[in-house]
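What follows is structure29.cif (mmCIF, C-alpha atoms).
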data_start
loop_
_atom_site.label_atom_id
_atom_site.label_comp_id
_atom_site.auth_asym_id
_atom_site.auth_seq_id
_atom_site.Cartn_x
_atom_site.Cartn_y
_atom_site.Cartn_z
CA MET I 1 1.40 -43.47 -23.66
CA LEU I 2 1.05 -40.06 -22.01
CA TRP I 3 4.55 -39.01 -22.99
CA GLU I 4 3.88 -39.95 -26.63
CA THR I 5 0.70 -37.89 -26.50
CA VAL I 6 2.64 -34.89 -25.18
CA ILE I 7 5.18 -35.27 -28.02
CA LEU I 8 2.34 -35.34 -30.56
CA ALA I 9 0.88 -32.20 -28.98
CA PHE I 10 4.21 -30.36 -29.30
CA ARG I 11 4.51 -31.53 -32.91
CA GLU I 12 1.10 -30.11 -33.79
CA ILE I 13 1.84 -26.83 -32.02
CA ARG I 14 5.16 -26.52 -33.86
CA ARG I 15 3.44 -27.23 -37.16
CA ASN I 16 1.24 -24.11 -36.70
CA VAL I 17 3.45 -21.78 -34.68
CA MET I 18 1.74 -18.55 -35.69
CA ARG I 19 -1.75 -19.85 -35.01
CA SER I 20 -0.67 -21.35 -31.70
CA SER I 21 0.97 -18.08 -30.65
CA LEU I 22 -2.17 -16.08 -31.41
CA THR I 23 -4.27 -18.71 -29.63
CA ILE I 24 -2.38 -18.43 -26.35
CA LEU I 25 -2.25 -14.61 -26.52
CA GLY I 26 -5.48 -14.32 -24.54
CA ILE I 27 -4.08 -16.56 -21.80
CA VAL I 28 -0.82 -14.58 -21.72
CA ILE I 29 -2.68 -11.28 -21.36
CA GLY I 30 -5.02 -12.68 -18.70
CA VAL I 31 -2.31 -14.21 -16.52
CA ALA I 32 -0.04 -11.17 -16.91
CA ALA I 33 -2.89 -8.80 -15.98
CA VAL I 34 -3.83 -10.80 -12.89
CA ILE I 35 -0.26 -11.05 -11.62
CA THR I 36 0.54 -7.39 -12.39
CA LEU I 37 -2.57 -5.95 -10.75
CA VAL I 38 -2.48 -8.20 -7.69
CA THR I 39 1.25 -7.62 -7.13
CA LEU I 40 0.90 -3.85 -7.46
CA GLY I 41 -2.15 -3.94 -5.19
CA ARG I 42 -0.23 -5.76 -2.49
CA GLY I 43 2.63 -3.33 -2.87
CA ALA I 44 0.21 -0.42 -2.45
CA THR I 45 -1.25 -2.04 0.67
CA ALA I 46 2.22 -2.51 2.17
CA GLN I 47 3.13 1.08 1.31
CA VAL I 48 -0.01 2.49 2.95
CA ALA I 49 0.63 0.43 6.09
CA ALA I 50 4.27 1.55 6.24
CA GLU I 51 3.38 5.23 5.75
CA ILE I 52 0.75 5.16 8.47
CA ALA I 53 3.16 3.33 10.77
CA SER I 54 5.74 6.06 10.11
CA LEU I 55 3.32 8.61 11.59
CA GLY I 56 3.78 6.98 14.96
CA SER I 57 3.61 3.69 16.79
CA ASN I 58 0.15 2.95 18.26
CA MET I 59 -0.58 6.65 18.03
CA LEU I 60 -3.77 8.55 18.82
CA GLN I 61 -4.29 12.19 17.84
CA ILE I 62 -6.51 14.40 20.01
CA ARG I 63 -7.69 17.78 18.73
CA PRO I 64 -10.40 20.22 19.79
CA GLY I 65 -13.47 20.45 17.59
CA GLN I 66 -15.43 17.73 15.82
CA GLY I 67 -12.98 17.04 13.02
CA PHE I 68 -9.73 18.06 11.37
CA ARG I 69 -9.09 21.06 9.21
CA GLY I 70 -5.62 19.89 8.28
CA PRO I 71 -2.21 19.30 9.81
CA GLY I 72 -2.14 21.23 13.05
CA GLY I 73 -5.50 22.95 12.86
CA ALA I 74 -8.52 22.44 15.08
CA SER I 75 -11.99 22.77 13.67
CA GLY I 76 -14.86 24.84 14.90
CA ALA I 77 -14.84 27.22 17.89
CA ALA I 78 -14.03 24.57 20.51
CA LYS I 79 -11.69 25.71 23.26
CA PRO I 80 -8.09 24.49 22.96
CA PHE I 81 -6.41 22.14 25.38
CA LYS I 82 -4.23 23.26 28.28
CA GLU I 83 -1.18 21.81 30.00
CA LYS I 84 -3.43 20.40 32.76
CA ASP I 85 -5.25 18.28 30.18
CA VAL I 86 -1.94 16.81 29.04
CA THR I 87 -0.92 16.08 32.63
CA ALA I 88 -4.29 14.46 33.40
CA ILE I 89 -4.05 12.16 30.37
CA ALA I 90 -0.48 11.14 31.24
CA GLN I 91 -1.32 10.43 34.90
CA GLN I 92 -4.84 8.99 34.75
CA ILE I 93 -4.94 6.90 31.58
CA ALA I 94 -3.46 3.41 31.84
CA GLY I 95 -1.45 1.85 29.03
CA ILE I 96 0.15 5.05 27.74
CA ALA I 97 3.82 5.09 26.73
CA ALA I 98 4.16 8.80 25.93
CA VAL I 99 2.10 12.00 25.64
CA ALA I 100 3.22 14.91 23.46
CA PRO I 101 1.41 18.28 23.55
CA LEU I 102 1.57 20.14 20.27
CA THR I 103 1.10 23.64 18.88
CA MET I 104 1.73 24.56 15.24
CA ARG I 105 2.07 27.77 13.27
CA ASN I 106 3.14 28.56 9.73
CA GLY I 107 6.02 31.02 9.54
CA GLN I 108 9.20 32.16 7.84
CA VAL I 109 12.57 30.68 8.71
CA ILE I 110 15.56 32.75 7.65
CA ALA I 111 19.21 31.71 7.43
CA GLY I 112 21.48 34.41 6.03
CA ASN I 113 19.94 35.62 2.78
CA VAL I 114 17.74 32.53 2.36
CA ASN I 115 14.22 32.23 3.73
CA TRP I 116 11.72 29.41 3.66
CA SER I 117 8.05 29.21 4.68
CA THR I 118 7.43 26.13 6.76
CA ASN I 119 5.45 24.59 9.59
CA ILE I 120 6.78 25.67 13.01
CA THR I 121 5.96 23.04 15.61
CA GLY I 122 6.26 23.40 19.36
CA SER I 123 6.38 20.24 21.47
CA THR I 124 8.47 18.20 23.91
CA THR I 125 10.98 15.37 23.54
CA GLU I 126 8.04 12.96 23.75
CA TYR I 127 7.09 14.11 20.24
CA LEU I 128 10.05 12.23 18.78
CA PHE I 129 8.95 9.01 20.44
CA VAL I 130 5.26 9.32 19.59
CA ARG I 131 5.93 10.17 15.94
CA SER I 132 8.77 7.65 15.62
CA TRP I 133 11.19 10.39 14.53
CA SER I 134 14.91 9.71 14.62
CA LEU I 135 17.74 12.24 14.47
CA ALA I 136 20.22 12.22 11.60
CA ALA I 137 22.58 14.49 13.54
CA GLY I 138 22.74 16.54 16.72
CA ARG I 139 20.58 16.05 19.79
CA SER I 140 17.11 16.59 21.18
CA PHE I 141 15.98 19.13 23.80
CA THR I 142 17.14 18.92 27.40
CA ASP I 143 14.71 19.22 30.31
CA SER I 144 16.12 22.63 31.23
CA GLU I 145 15.64 23.90 27.67
CA LEU I 146 12.02 22.74 27.71
CA ARG I 147 11.26 24.31 31.11
CA ALA I 148 12.96 27.61 30.34
CA GLY I 149 11.67 27.87 26.79
CA LYS I 150 15.12 28.21 25.26
CA SER I 151 15.49 29.36 21.64
CA VAL I 152 16.73 26.07 20.19
CA CYS I 153 15.31 24.08 17.30
CA ILE I 154 15.57 20.87 15.27
CA LEU I 155 15.24 21.09 11.49
CA GLY I 156 13.36 18.72 9.20
CA ALA I 157 15.26 17.43 6.16
CA THR I 158 13.43 19.71 3.72
CA VAL I 159 14.04 22.85 5.78
CA LYS I 160 17.71 21.96 6.18
CA LYS I 161 18.08 21.43 2.42
CA GLU I 162 16.32 24.66 1.48
CA LEU I 163 18.20 26.85 3.96
CA PHE I 164 21.66 25.28 4.09
CA GLY I 165 21.95 22.95 1.10
CA ASP I 166 24.88 20.59 1.69
CA GLN I 167 26.32 22.62 4.56
CA ASP I 168 26.20 21.45 8.17
CA PRO I 169 23.71 23.69 10.04
CA LEU I 170 24.42 22.38 13.56
CA GLY I 171 25.20 25.31 15.81
CA ALA I 172 24.01 27.85 13.26
CA ARG I 173 21.40 30.45 14.14
CA VAL I 174 18.19 30.99 12.17
CA ARG I 175 15.40 33.53 12.45
CA VAL I 176 12.05 31.90 13.22
CA SER I 177 9.06 34.26 13.00
CA GLY I 178 11.09 37.13 14.43
CA ILE I 179 13.16 35.31 17.06
CA THR I 180 16.68 33.91 16.80
CA CYS I 181 16.95 30.16 17.25
CA ARG I 182 20.04 27.93 17.48
CA VAL I 183 19.99 24.67 15.48
CA ILE I 184 20.82 21.72 17.74
CA GLY I 185 19.61 18.76 15.67
CA LEU I 186 18.50 17.42 12.29
CA PHE I 187 15.67 14.97 11.71
CA ALA I 188 16.13 11.93 9.50
CA ALA I 189 14.09 12.18 6.30
CA LYS I 190 10.71 10.44 6.04
CA GLY I 191 9.55 11.67 2.63
CA GLN I 192 5.99 12.28 1.52
CA SER I 193 2.96 10.89 3.31
CA SER I 194 0.21 8.90 1.56
CA GLY I 195 -1.70 12.18 1.21
CA GLY I 196 1.17 13.80 -0.67
CA ASN I 197 2.32 16.06 2.20
CA ASP I 198 6.03 16.57 2.80
CA GLN I 199 6.62 15.19 6.31
CA ASP I 200 10.12 16.72 6.43
CA ASP I 201 8.99 20.31 5.87
CA PHE I 202 8.85 21.50 9.49
CA LEU I 203 10.89 22.93 12.35
CA LEU I 204 10.56 21.71 15.94
CA MET I 205 11.19 23.91 18.98
CA PRO I 206 10.29 23.63 22.68
CA LEU I 207 6.58 24.11 23.32
CA GLN I 208 7.19 26.88 25.88
CA THR I 209 9.30 28.81 23.37
CA LEU I 210 6.59 28.76 20.71
CA GLN I 211 3.83 29.62 23.18
CA ARG I 212 5.60 32.52 24.91
CA ARG I 213 7.59 34.13 22.10
CA ILE I 214 5.59 33.43 18.92
CA VAL I 215 1.97 32.50 19.69
CA GLY I 216 1.55 34.58 22.83
CA ASN I 217 -0.66 32.16 24.79
CA ASP I 218 -0.50 28.76 26.49
CA ASP I 219 -3.01 27.01 24.21
CA ILE I 220 -2.31 23.48 22.99
CA SER I 221 -3.81 22.71 19.61
CA ALA I 222 -3.29 18.94 19.69
CA ILE I 223 -2.16 16.09 21.92
CA PHE I 224 -0.41 13.04 20.48
CA VAL I 225 -0.58 9.87 22.58
CA SER I 226 1.34 6.65 22.08
CA ALA I 227 -0.06 3.46 23.63
CA ARG I 228 2.28 0.82 25.00
CA ASP I 229 2.91 -2.31 22.93
CA GLY I 230 0.22 -4.90 23.47
CA VAL I 231 -2.30 -2.36 24.81
CA SER I 232 -5.53 -1.90 22.88
CA THR I 233 -5.62 1.55 21.32
CA ALA I 234 -9.42 1.31 21.24
CA LYS I 235 -9.48 0.98 25.05
CA VAL I 236 -7.05 3.89 25.46
CA ARG I 237 -9.19 5.99 23.12
CA GLU I 238 -12.33 5.20 25.09
CA ASP I 239 -10.65 6.15 28.39
CA ILE I 240 -9.32 9.42 26.92
CA GLU I 241 -12.73 10.38 25.58
CA GLN I 242 -14.35 9.73 28.95
CA LEU I 243 -11.67 11.73 30.80
CA LEU I 244 -11.86 14.71 28.46
CA ARG I 245 -15.67 14.77 28.58
CA GLU I 246 -15.43 15.08 32.35
CA ARG I 247 -12.71 17.74 32.24
CA ARG I 248 -14.50 19.79 29.58
CA ARG I 249 -17.87 19.37 31.37
CA ILE I 250 -19.74 17.86 28.44
CA GLY I 251 -23.24 16.67 29.31
CA ALA I 252 -24.56 13.18 28.66
CA ASN I 253 -26.65 14.33 25.69
CA GLN I 254 -24.04 16.71 24.28
CA ALA I 255 -21.65 15.94 21.45
CA ASP I 256 -17.92 15.93 22.08
CA ASP I 257 -16.10 19.20 21.33
CA PHE I 258 -12.91 17.24 20.65
CA PHE I 259 -11.88 14.44 18.34
CA VAL I 260 -9.68 11.37 18.93
CA ARG I 261 -8.23 9.71 15.87
CA ASP I 262 -6.84 6.18 16.22
CA MET I 263 -4.12 5.52 13.64
CA GLN I 264 -4.59 1.77 14.02
CA GLU I 265 -8.21 2.12 12.88
CA ILE I 266 -7.13 4.24 9.93
CA MET I 267 -4.52 1.65 8.97
CA SER I 268 -7.06 -1.17 9.13
CA THR I 269 -9.56 0.80 7.05
CA LEU I 270 -7.10 1.83 4.34
CA THR I 271 -5.37 -1.53 4.05
CA GLY I 272 -8.77 -3.26 3.98
CA THR I 273 -9.89 -0.95 1.18
CA THR I 274 -6.77 -1.57 -0.89
CA ARG I 275 -7.17 -5.32 -0.44
CA ILE I 276 -10.75 -5.18 -1.70
CA LEU I 277 -9.73 -3.08 -4.69
CA THR I 278 -6.89 -5.49 -5.43
CA ALA I 279 -9.29 -8.44 -5.36
CA LEU I 280 -11.74 -6.64 -7.65
CA LEU I 281 -9.01 -5.72 -10.13
CA GLY I 282 -7.74 -9.29 -10.08
CA ALA I 283 -11.24 -10.61 -10.74
CA VAL I 284 -11.71 -8.22 -13.66
CA ALA I 285 -8.35 -9.25 -15.11
CA ALA I 286 -9.29 -12.93 -14.72
CA VAL I 287 -12.14 -12.40 -17.18
CA SER I 288 -9.55 -12.16 -19.96
CA LEU I 289 -8.49 -15.70 -19.04
CA LEU I 290 -11.98 -16.89 -19.89
CA VAL I 291 -11.76 -15.03 -23.20
CA GLY I 292 -8.46 -16.74 -23.85
CA GLY I 293 -10.06 -20.09 -23.02
CA ILE I 294 -12.80 -19.47 -25.57
CA GLY I 295 -10.09 -18.73 -28.13
CA ILE I 296 -8.43 -22.06 -27.36
CA MET I 297 -11.73 -23.92 -27.72
CA ASN I 298 -12.38 -22.21 -31.06
CA ILE I 299 -8.95 -23.15 -32.46
CA MET I 300 -9.23 -26.72 -31.18
CA LEU I 301 -12.60 -27.08 -32.94
CA VAL I 302 -10.97 -25.83 -36.13
CA SER I 303 -8.13 -28.30 -35.58
CA VAL I 304 -10.59 -31.19 -35.17
CA THR I 305 -12.21 -30.27 -38.49
CA GLU I 306 -8.86 -30.01 -40.26
CA ARG I 307 -7.64 -33.33 -38.88
CA THR I 308 -10.80 -35.36 -39.30
CA ARG I 309 -9.16 -37.79 -41.75
CA GLU I 310 -6.17 -38.24 -39.40
CA ILE I 311 -8.56 -39.02 -36.54
CA GLY I 312 -10.39 -41.54 -38.72
CA ILE I 313 -7.14 -43.34 -39.58
CA ARG I 314 -6.15 -43.54 -35.92
CA LEU I 315 -9.53 -44.94 -34.94
CA ALA I 316 -9.48 -47.40 -37.87
CA ILE I 317 -6.13 -48.91 -36.90
CA GLY I 318 -7.18 -49.51 -33.31
CA ALA I 319 -6.93 -46.27 -31.36
CA LEU I 320 -9.53 -45.99 -28.63
CA GLU I 321 -11.84 -43.03 -28.10
CA LYS I 322 -10.04 -42.18 -24.88
CA ASP I 323 -6.71 -42.01 -26.78
CA VAL I 324 -8.09 -39.44 -29.21
CA LEU I 325 -9.75 -37.57 -26.34
CA LEU I 326 -6.46 -37.49 -24.43
CA GLN I 327 -4.51 -36.32 -27.50
CA PHE I 328 -6.64 -33.20 -28.08
CA LEU I 329 -7.04 -32.52 -24.38
CA VAL I 330 -3.26 -32.58 -23.89
CA GLU I 331 -2.83 -30.19 -26.83
CA SER I 332 -5.26 -27.76 -25.23
CA VAL I 333 -3.55 -27.98 -21.83
CA VAL I 334 -0.08 -27.53 -23.37
CA LEU I 335 -1.27 -24.40 -25.21
CA SER I 336 -2.80 -22.88 -22.09
CA SER I 337 0.21 -23.84 -19.94
CA PHE I 338 2.57 -22.12 -22.37
CA GLY I 339 0.31 -19.09 -22.16
CA GLY I 340 0.48 -19.27 -18.38
CA LEU I 341 4.30 -19.40 -18.32
CA PHE I 342 4.68 -16.48 -20.71
CA GLY I 343 1.99 -14.58 -18.80
CA ILE I 344 3.83 -15.09 -15.49
CA ALA I 345 7.07 -13.74 -17.00
CA PHE I 346 5.37 -10.70 -18.51
CA GLY I 347 3.26 -10.11 -15.41
CA LEU I 348 6.20 -10.12 -12.99
CA GLY I 349 8.20 -7.89 -15.31
CA ALA I 350 5.35 -5.40 -15.66
CA ALA I 351 4.74 -5.43 -11.89
CA ALA I 352 8.42 -4.74 -11.18
CA LEU I 353 8.46 -1.84 -13.65
CA GLY I 354 5.18 -0.48 -12.30
CA ALA I 355 6.37 -0.67 -8.70
CA ARG I 356 9.55 1.20 -9.60
CA ALA I 357 7.65 3.84 -11.57
CA MET I 358 5.15 4.42 -8.74
CA ASP I 359 7.84 4.20 -6.04
CA MET I 360 6.18 1.38 -4.14
CA PRO I 361 7.56 -1.93 -2.87
CA PHE I 362 7.58 -4.94 -5.21
CA ILE I 363 6.15 -7.87 -3.25
CA PHE I 364 6.63 -11.21 -4.97
CA SER I 365 3.85 -13.63 -4.09
CA PRO I 366 4.49 -17.28 -5.00
CA GLY I 367 0.87 -18.04 -4.14
CA ILE I 368 -0.67 -15.79 -6.78
CA VAL I 369 1.84 -17.03 -9.38
CA ALA I 370 0.93 -20.65 -8.63
CA VAL I 371 -2.80 -19.90 -8.69
CA ALA I 372 -2.51 -18.05 -12.02
CA PHE I 373 -0.59 -20.93 -13.61
CA LEU I 374 -2.96 -23.60 -12.30
CA PHE I 375 -5.93 -21.51 -13.43
CA SER I 376 -4.47 -21.23 -16.92
CA GLY I 377 -4.01 -25.01 -17.02
CA GLY I 378 -7.57 -25.45 -15.79
CA VAL I 379 -8.80 -23.21 -18.59
CA GLY I 380 -7.10 -25.56 -21.06
CA VAL I 381 -8.86 -28.57 -19.54
CA VAL I 382 -12.30 -26.96 -19.41
CA PHE I 383 -12.30 -25.35 -22.83
CA GLY I 384 -10.39 -28.18 -24.50
CA PHE I 385 -12.72 -30.93 -23.33
CA PHE I 386 -15.57 -30.23 -25.76
CA PRO I 387 -13.38 -30.23 -28.91
CA ALA I 388 -11.55 -33.33 -27.62
CA ARG I 389 -14.82 -35.17 -27.00
CA LYS I 390 -16.07 -34.19 -30.45
CA ALA I 391 -12.91 -35.64 -32.00
CA ALA I 392 -13.16 -38.86 -29.96
CA ARG I 393 -16.78 -39.44 -30.99
CA LEU I 394 -16.18 -39.19 -34.74
CA ASP I 395 -17.31 -42.22 -36.73
CA PRO I 396 -14.17 -43.80 -38.29
CA ILE I 397 -15.86 -44.49 -41.66
CA ASP I 398 -17.26 -40.97 -41.95
CA ALA I 399 -13.93 -39.54 -40.84
CA LEU I 400 -12.05 -41.53 -43.56
CA ARG I 401 -14.44 -40.23 -46.23
CA HIS I 402 -13.79 -36.62 -45.16
CA GLU I 403 -11.85 -34.53 -47.67
#

Rewrite the structure of this file - the entire thing - as structure tokens.
Amino acid sequence: MLWETVILAFREIRRNVMRSSLTILGIVIGVAAVITLVTLGRGATAQVAAEIASLGSNMLQIRPGQGFRGPGGASGAAKPFKEKDVTAIAQQIAGIAAVAPLTMRNGQVIAGNVNWSTNITGSTTEYLFVRSWSLAAGRSFTDSELRAGKSVCILGATVKKELFGDQDPLGARVRVSGITCRVIGLFAAKGQSSGGNDQDDFLLMPLQTLQRRIVGNDDISAIFVSARDGVSTAKVREDIEQLLRERRRIGANQADDFFVRDMQEIMSTLTGTTRILTALLGAVAAVSLLVGGIGIMNIMLVSVTERTREIGIRLAIGALEKDVLLQFLVESVVLSSFGGLFGIAFGLGAAALGARAMDMPFIFSPGIVAVAFLFSGGVGVVFGFFPARKAARLDPIDALRHE
């Protein structure tokens, strides 16, 4: 009986192909919008998490002042850190995997007749571990080079491209803010950060070299700390804040003159925000499914009116009310299900194109596809029930008299 009802539903849909196509258009748009927006939202969430993770594993940034002015700059007139602060953090704070002192300056790098303005960073080999940097070629600094402040450097991918193009710069000498520096390594490219900054546009040299020969003091503008796997970064942050308050002699009622930023907290905040926005966009897109359902109900009511005589004949020759109810309900569900299938195809295609255009990962989610299809079928049941009940309750005699 059910199979015969499905065949009748397909026959009616095929009889009015244009009207049926326009009827399911609202469902197609609704399902496609939900799948596209939710898929792109999840891709954006994954991209944000990956970009923050690329900044460093379990990393905390410590800078003087009460906030950040930008990459490498401390805010306010707070005194900078010293090497003793770095040593105290490394020796007295439990759960730390690495500590990297950091000083940055903007300057010109010259190779032959080519020059490039970039970010000159002074640090130790721990910087590569804390920031999760890998080398594409060459090597890192040796302990003797760090202690003696040798004029050696490692180039970011952007600096290498701008100064040397496709040539191999290893062993070459460049001028860095007035001093000659030998290139010993090349960083692997990371690309742009979520804020649009080029992470590869920098040059790394030993901290002592930058302090003695370029900056002219032993100030440290930032300290990057990496917590060990499984250790709470919140606990490490709390211990660092307490230690630095003691070392910088900050009173109980005084505000900190330094700032500790936990990258895990930032990741949780940003990914949580993108998830909420994705849910809101999905909910807004789902409204079009309701509009499509209203369109189905409207067309089914028109169909009941057009087929009143047919319904009367069926009832007169012995069809039960439930048979007529099932016939129109199945037609409604078939229409909405077709809309759901076409919507899934269009939605996944649009999401794939959007992810490629915005350079974000395409994350296929079987769950959202299943929910969208079931929801479209549910719309057919809900909005098809009233027209189906109206058809089932027609009086056979009145229906046979209908012209």

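When atom CA of Arg14 of chain I is paired with atom CA of Leu325 of chain I, their separation reads 20.0 Å.
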
> If you measure from atom CA of Ser123 of chain I to atom CA of Thr103 of chain I, what distance in Å do you get, rounded to one decimal?
Replying inline: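 We find that atom CA of Ser123 of chain I and atom CA of Thr103 of chain I lie 6.8 Å from each other.
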
Select from segment 32-148 of chain I every residue with an atom at most 7 Å from any atom of segment 361-364 of chain I, then for each give the shortest pair of atoms and their distance in Å to one decimal, using all atoms listed in the file, rows by chain and rising number, as JSON lines.
{"residue": "I:Thr39", "atom": "CA", "partner": "I:Ile363", "partner_atom": "CA", "distance": 6.3}
{"residue": "I:Arg42", "atom": "CA", "partner": "I:Ile363", "partner_atom": "CA", "distance": 6.8}
{"residue": "I:Gly43", "atom": "CA", "partner": "I:Pro361", "partner_atom": "CA", "distance": 5.1}
{"residue": "I:Gln47", "atom": "CA", "partner": "I:Pro361", "partner_atom": "CA", "distance": 6.8}

> Quick one: of I:Val231, I:Leu207, I:Ala189, I:Ala136, who's nearest to Asp168 of chain I, counting all atoms listed in the file?
Replying inline: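 Using all atoms listed in the file, the shortest distance to Asp168 of chain I belongs to I:Ala136.
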
> Where does the PyMOL selection byres ((chain I and resi 102) around 8) land in this file, that is, which residues does it pick, as a list in words?
Replying inline: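 Matching residues under the PyMOL selection byres ((chain I and resi 102) around 8) are Ala100, Pro101, Thr103, Met104, Thr121, Gly122, Ser123, Leu207, Ile220, Ser221, Ala222, Ile223 and Phe224 of chain I.
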
File dump, residues just selected, C-alpha atoms, as a compact mmCIF listing (two decimals), in the frame of the given file:
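Final file, again29.txt:
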# COMPACT_ATOMS: atom_id res chain seq x y z
CA ALA I 100 3.22 14.91 23.46
CA PRO I 101 1.41 18.28 23.55
CA THR I 103 1.10 23.64 18.88
CA MET I 104 1.73 24.56 15.24
CA THR I 121 5.96 23.04 15.61
CA GLY I 122 6.26 23.40 19.36
CA SER I 123 6.38 20.24 21.47
CA LEU I 207 6.58 24.11 23.32
CA ILE I 220 -2.31 23.48 22.99
CA SER I 221 -3.81 22.71 19.61
CA ALA I 222 -3.29 18.94 19.69
CA ILE I 223 -2.16 16.09 21.92
CA PHE I 224 -0.41 13.04 20.48

> At what distance in Å, to one decimal, does atom CA of Thr278 of chain I lie from atom CA of Ala50 of chain I?
Replying inline: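 Going from atom CA of Ala50 of chain I over to atom CA of Thr278 of chain I covers 17.6 Å.
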
> Got a sec: who's within 10 Å of Pro80 of chain I, counting only C-alpha atoms, leaving out chain neighbours fewer than 5 positions off, as a ChimeraX atom specification?
Replying inline: /I:63-65,74,85,218-222,257-258

Could those selected residues go to a file with C-alpha atoms, as a PDB file, keeping the file's coordinate frame?
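Below you can see result21.pdb, which holds the result:
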ATOM      1  CA  ARG I  63      -7.690  17.780  18.730  1.00  0.00           C
ATOM      2  CA  PRO I  64     -10.400  20.220  19.790  1.00  0.00           C
ATOM      3  CA  GLY I  65     -13.470  20.450  17.590  1.00  0.00           C
ATOM      4  CA  ALA I  74      -8.520  22.440  15.080  1.00  0.00           C
ATOM      5  CA  ASP I  85      -5.250  18.280  30.180  1.00  0.00           C
ATOM      6  CA  ASP I 218      -0.500  28.760  26.490  1.00  0.00           C
ATOM      7  CA  ASP I 219      -3.010  27.010  24.210  1.00  0.00           C
ATOM      8  CA  ILE I 220      -2.310  23.480  22.990  1.00  0.00           C
ATOM      9  CA  SER I 221      -3.810  22.710  19.610  1.00  0.00           C
ATOM     10  CA  ALA I 222      -3.290  18.940  19.690  1.00  0.00           C
ATOM     11  CA  ASP I 257     -16.100  19.200  21.330  1.00  0.00           C
ATOM     12  CA  PHE I 258     -12.910  17.240  20.650  1.00  0.00           C
TER      13      PHE I 258
END

Quick one: segment 235-250 of chain I with N, CA and C atoms, as a PDB file, in the frame of the given file?
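And here's part_22.pdb as it stands now:
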ATOM      1  N   LYS I 235      -9.206   0.778  23.626  1.00  0.00           N
ATOM      2  CA  LYS I 235      -9.480   0.980  25.050  1.00  0.00           C
ATOM      3  C   LYS I 235      -8.891   2.316  25.521  1.00  0.00           C
ATOM      4  N   VAL I 236      -7.667   2.618  25.092  1.00  0.00           N
ATOM      5  CA  VAL I 236      -7.050   3.890  25.460  1.00  0.00           C
ATOM      6  C   VAL I 236      -7.875   5.052  24.923  1.00  0.00           C
ATOM      7  N   ARG I 237      -8.357   4.928  23.712  1.00  0.00           N
ATOM      8  CA  ARG I 237      -9.190   5.990  23.120  1.00  0.00           C
ATOM      9  C   ARG I 237     -10.460   6.197  23.933  1.00  0.00           C
ATOM     10  N   GLU I 238     -11.097   5.103  24.309  1.00  0.00           N
ATOM     11  CA  GLU I 238     -12.330   5.200  25.090  1.00  0.00           C
ATOM     12  C   GLU I 238     -12.078   5.884  26.436  1.00  0.00           C
ATOM     13  N   ASP I 239     -10.973   5.542  27.095  1.00  0.00           N
ATOM     14  CA  ASP I 239     -10.650   6.150  28.390  1.00  0.00           C
ATOM     15  C   ASP I 239     -10.354   7.649  28.230  1.00  0.00           C
ATOM     16  N   ILE I 240      -9.637   8.005  27.155  1.00  0.00           N
ATOM     17  CA  ILE I 240      -9.320   9.420  26.920  1.00  0.00           C
ATOM     18  C   ILE I 240     -10.595  10.219  26.672  1.00  0.00           C
ATOM     19  N   GLU I 241     -11.483   9.673  25.870  1.00  0.00           N
ATOM     20  CA  GLU I 241     -12.730  10.380  25.580  1.00  0.00           C
ATOM     21  C   GLU I 241     -13.542  10.604  26.853  1.00  0.00           C
ATOM     22  N   GLN I 242     -13.598   9.584  27.700  1.00  0.00           N
ATOM     23  CA  GLN I 242     -14.350   9.730  28.950  1.00  0.00           C
ATOM     24  C   GLN I 242     -13.706  10.779  29.860  1.00  0.00           C
ATOM     25  N   LEU I 243     -12.380  10.756  29.952  1.00  0.00           N
ATOM     26  CA  LEU I 243     -11.670  11.730  30.800  1.00  0.00           C
ATOM     27  C   LEU I 243     -11.881  13.153  30.302  1.00  0.00           C
ATOM     28  N   LEU I 244     -11.732  13.357  29.003  1.00  0.00           N
ATOM     29  CA  LEU I 244     -11.860  14.710  28.460  1.00  0.00           C
ATOM     30  C   LEU I 244     -13.306  15.218  28.543  1.00  0.00           C
ATOM     31  N   ARG I 245     -14.275  14.338  28.422  1.00  0.00           N
ATOM     32  CA  ARG I 245     -15.670  14.770  28.580  1.00  0.00           C
ATOM     33  C   ARG I 245     -15.902  15.288  30.006  1.00  0.00           C
ATOM     34  N   GLU I 246     -15.296  14.623  30.976  1.00  0.00           N
ATOM     35  CA  GLU I 246     -15.430  15.080  32.350  1.00  0.00           C
ATOM     36  C   GLU I 246     -14.707  16.409  32.557  1.00  0.00           C
ATOM     37  N   ARG I 247     -13.490  16.523  32.028  1.00  0.00           N
ATOM     38  CA  ARG I 247     -12.710  17.740  32.240  1.00  0.00           C
ATOM     39  C   ARG I 247     -13.312  18.938  31.501  1.00  0.00           C
ATOM     40  N   ARG I 248     -13.938  18.692  30.364  1.00  0.00           N
ATOM     41  CA  ARG I 248     -14.500  19.790  29.580  1.00  0.00           C
ATOM     42  C   ARG I 248     -15.998  19.980  29.860  1.00  0.00           C
ATOM     43  N   ARG I 249     -16.488  19.233  30.884  1.00  0.00           N
ATOM     44  CA  ARG I 249     -17.870  19.370  31.370  1.00  0.00           C
ATOM     45  C   ARG I 249     -18.899  19.237  30.245  1.00  0.00           C
ATOM     46  N   ILE I 250     -18.807  18.143  29.533  1.00  0.00           N
ATOM     47  CA  ILE I 250     -19.740  17.860  28.440  1.00  0.00           C
ATOM     48  C   ILE I 250     -20.857  16.980  28.977  1.00  0.00           C
TER      49      ILE I 250
END
